[in-house]
Structures are given as C-alpha cells and as structure tokens.
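Notes follow the structure.
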Amino acid sequence: MNDPHERKKGADEALLAGKRLHLCPLADRAGLAVAGEVCLPTHMVWEQALERVAQRHHGSYHFDLSALTFIDMAGATALALTAQGLNGEQRLVLESPPPALSRLLELFWPDLPAIEVATS
C-alpha cells in the first residue's frame, strides 16, 4: 500500500528540484550569466556569487539575466545591498533583467547609481 507521506515527500523533492539557479562566467566580459530562479532554496548560491562580486575592487560587473525566470524580494534586496556596498568605481550592469526585478529596483531603490539596467 502507498504511504501518503511518501507521496508528499516525493512531491516536495520534485518541487525543490525545479528551483535551480545556474551561474556561468561570461566569456567576453567580467560577469555571470544567471539562469533559473532566485528564491529560498537558491539564496545561498546567489548571495555567495554577490559576495565574490563585492570583493572585486574595480570596474563593471555584468549579470546576463535574460534566462532568469524569477527573483524574490530577498534576492533583489541582496543585489541592492551589494550595490550599496560598492566603491565609486564599481557598478553592476544588469542585462535583460526580468520586468519584476526592474520594477522592484525602481520602487525600492530608485537612486542607486551602482546599478545600471541595460534592456537591449
């Protein structure tokens, strides 16, 4: 007989398996291609990537977000906090961000000079 708890456990594992975040270095410039979702199961990976960016001491860092399907408020906040901690010579260039991320940045951090949103 099937145990209903086993079915629930399997469904939870399948749900978590669908929440993946893939980060790949960009070949032609300093930065990362980001694909998947920034959400509770992937926050640690996202925040570790942002910490590495913050340790750089110069130039622009590009995030190709064209394959990012979702970012939650905590992920957007981590991005904004990273940008706030950068020195004057550093900036984050967000290429093709999801519309929701652009709206969050405009709403909560409208005057954050360390973030440039490039939609083309």
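By order in the structure tokens, chains are A, B, ...; within a chain, residues start at 1; ligands start at 1, following the order shown.
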Could you pull the residues within 8 Å of range 109-117 of chain A, counting only C-alpha atoms, minus those fewer than 4 positions along the same chain, as a PDB file with N, CA and C atoms, in the first residue's frame?
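So part_11.pdb came out as:
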ATOM      1  N   ALA A  80      20.676  44.747  -4.223  1.00  0.00           N
ATOM      2  CA  ALA A  80      20.742  46.171  -3.893  1.00  0.00           C
ATOM      3  C   ALA A  80      21.755  46.435  -2.778  1.00  0.00           C
ATOM      4  N   ALA A  83      25.183  46.333  -4.210  1.00  0.00           N
ATOM      5  CA  ALA A  83      25.453  47.563  -4.957  1.00  0.00           C
ATOM      6  C   ALA A  83      25.744  48.735  -4.019  1.00  0.00           C
ATOM      7  N   GLN A  84      25.022  48.817  -2.929  1.00  0.00           N
ATOM      8  CA  GLN A  84      25.243  49.904  -1.973  1.00  0.00           C
ATOM      9  C   GLN A  84      26.624  49.826  -1.332  1.00  0.00           C
ATOM     10  N   LEU A  86      29.403  48.887  -2.860  1.00  0.00           N
ATOM     11  CA  LEU A  86      30.480  49.040  -3.828  1.00  0.00           C
ATOM     12  C   LEU A  86      31.105  50.431  -3.731  1.00  0.00           C
ATOM     13  N   GLY A  88      32.984  53.841  -5.520  1.00  0.00           N
ATOM     14  CA  GLY A  88      32.550  54.694  -6.619  1.00  0.00           C
ATOM     15  C   GLY A  88      32.950  54.227  -7.998  1.00  0.00           C
ATOM     16  N   GLN A  90      33.017  51.056  -8.989  1.00  0.00           N
ATOM     17  CA  GLN A  90      32.371  49.788  -9.312  1.00  0.00           C
ATOM     18  C   GLN A  90      30.903  50.007  -9.641  1.00  0.00           C
ATOM     19  N   ARG A  91      30.378  49.113 -10.483  1.00  0.00           N
ATOM     20  CA  ARG A  91      28.940  49.116 -10.715  1.00  0.00           C
ATOM     21  C   ARG A  91      28.515  47.754 -11.224  1.00  0.00           C
ATOM     22  N   LEU A  92      27.242  47.489 -11.064  1.00  0.00           N
ATOM     23  CA  LEU A  92      26.634  46.252 -11.544  1.00  0.00           C
ATOM     24  C   LEU A  92      25.791  46.597 -12.762  1.00  0.00           C
ATOM     25  N   VAL A  93      26.012  45.887 -13.845  1.00  0.00           N
ATOM     26  CA  VAL A  93      25.248  46.095 -15.065  1.00  0.00           C
ATOM     27  C   VAL A  93      24.320  44.897 -15.223  1.00  0.00           C
ATOM     28  N   LEU A  94      23.027  45.149 -15.139  1.00  0.00           N
ATOM     29  CA  LEU A  94      22.018  44.091 -15.257  1.00  0.00           C
ATOM     30  C   LEU A  94      21.505  44.088 -16.689  1.00  0.00           C
ATOM     31  N   GLU A  95      21.821  43.032 -17.415  1.00  0.00           N
ATOM     32  CA  GLU A  95      21.416  42.915 -18.812  1.00  0.00           C
ATOM     33  C   GLU A  95      20.154  42.074 -18.910  1.00  0.00           C
ATOM     34  N   SER A  96      19.129  42.617 -19.529  1.00  0.00           N
ATOM     35  CA  SER A  96      17.844  41.941 -19.756  1.00  0.00           C
ATOM     36  C   SER A  96      17.255  41.338 -18.480  1.00  0.00           C
ATOM     37  N   PRO A  97      17.105  42.145 -17.433  1.00  0.00           N
ATOM     38  CA  PRO A  97      16.523  41.606 -16.193  1.00  0.00           C
ATOM     39  C   PRO A  97      15.035  41.327 -16.377  1.00  0.00           C
ATOM     40  N   SER A 102      13.231  44.798 -12.425  1.00  0.00           N
ATOM     41  CA  SER A 102      13.332  46.217 -12.773  1.00  0.00           C
ATOM     42  C   SER A 102      12.349  47.041 -11.957  1.00  0.00           C
ATOM     43  N   LEU A 104      11.026  46.268  -8.978  1.00  0.00           N
ATOM     44  CA  LEU A 104      11.457  46.299  -7.575  1.00  0.00           C
ATOM     45  C   LEU A 104      12.568  47.330  -7.371  1.00  0.00           C
ATOM     46  N   LEU A 105      13.524  47.348  -8.276  1.00  0.00           N
ATOM     47  CA  LEU A 105      14.624  48.309  -8.154  1.00  0.00           C
ATOM     48  C   LEU A 105      14.121  49.739  -8.264  1.00  0.00           C
TER      49      LEU A 105
END
With DSSP run on the backbone, what are the strand (DSSP E) residues within chain A? I'd like them as a ChimeraX atom specification. /A:21-25,31-38,60-71,91-95,115-118
DSSP helix (DSSP H, G or I) residues within chain A, as number ranges by chain: A: 4-18, 40-55, 73-84, 99-108
Within 9 Å of Ile71 in chain A, counting only C-alpha atoms, which residues qualify if same-chain residues fewer than 3 places away don't, as a list of chain:residue names?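 Near Ile71 in chain A, the qualifying residues are A:Gly36, A:Glu37, A:Val38, A:Cys39, A:Leu68, A:Ala74, A:Gly75, A:Ala76, A:Pro98, A:Ala100, A:Leu101.
Closest to Pro41 in chain A among A:Arg56, A:Glu106, A:Asp72, A:Leu26 is A:Asp72, based on only C-alpha atoms.
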Shell around Cys24 in chain A at 8 Å using only C-alpha atoms, local window under 4 positions removed, as a ChimeraX atom specification: /A:32-34
Those selected residues, please, written with C-alpha atoms and delivered as a PDB file, in the first residue's frame.
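The resulting out.pdb:
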ATOM      1  CA  LEU A  32      27.854  35.972 -14.878  1.00  0.00           C
ATOM      2  CA  ALA A  33      25.041  34.544 -16.926  1.00  0.00           C
ATOM      3  CA  VAL A  34      22.240  33.741 -14.480  1.00  0.00           C
TER       4      VAL A  34
END
Straight-line distance linking CA of Ala35 in chain A with CA of Ala67 in chain A, stated in Å to one decimal: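 Here the two named atoms are 4.5 Å from each other.
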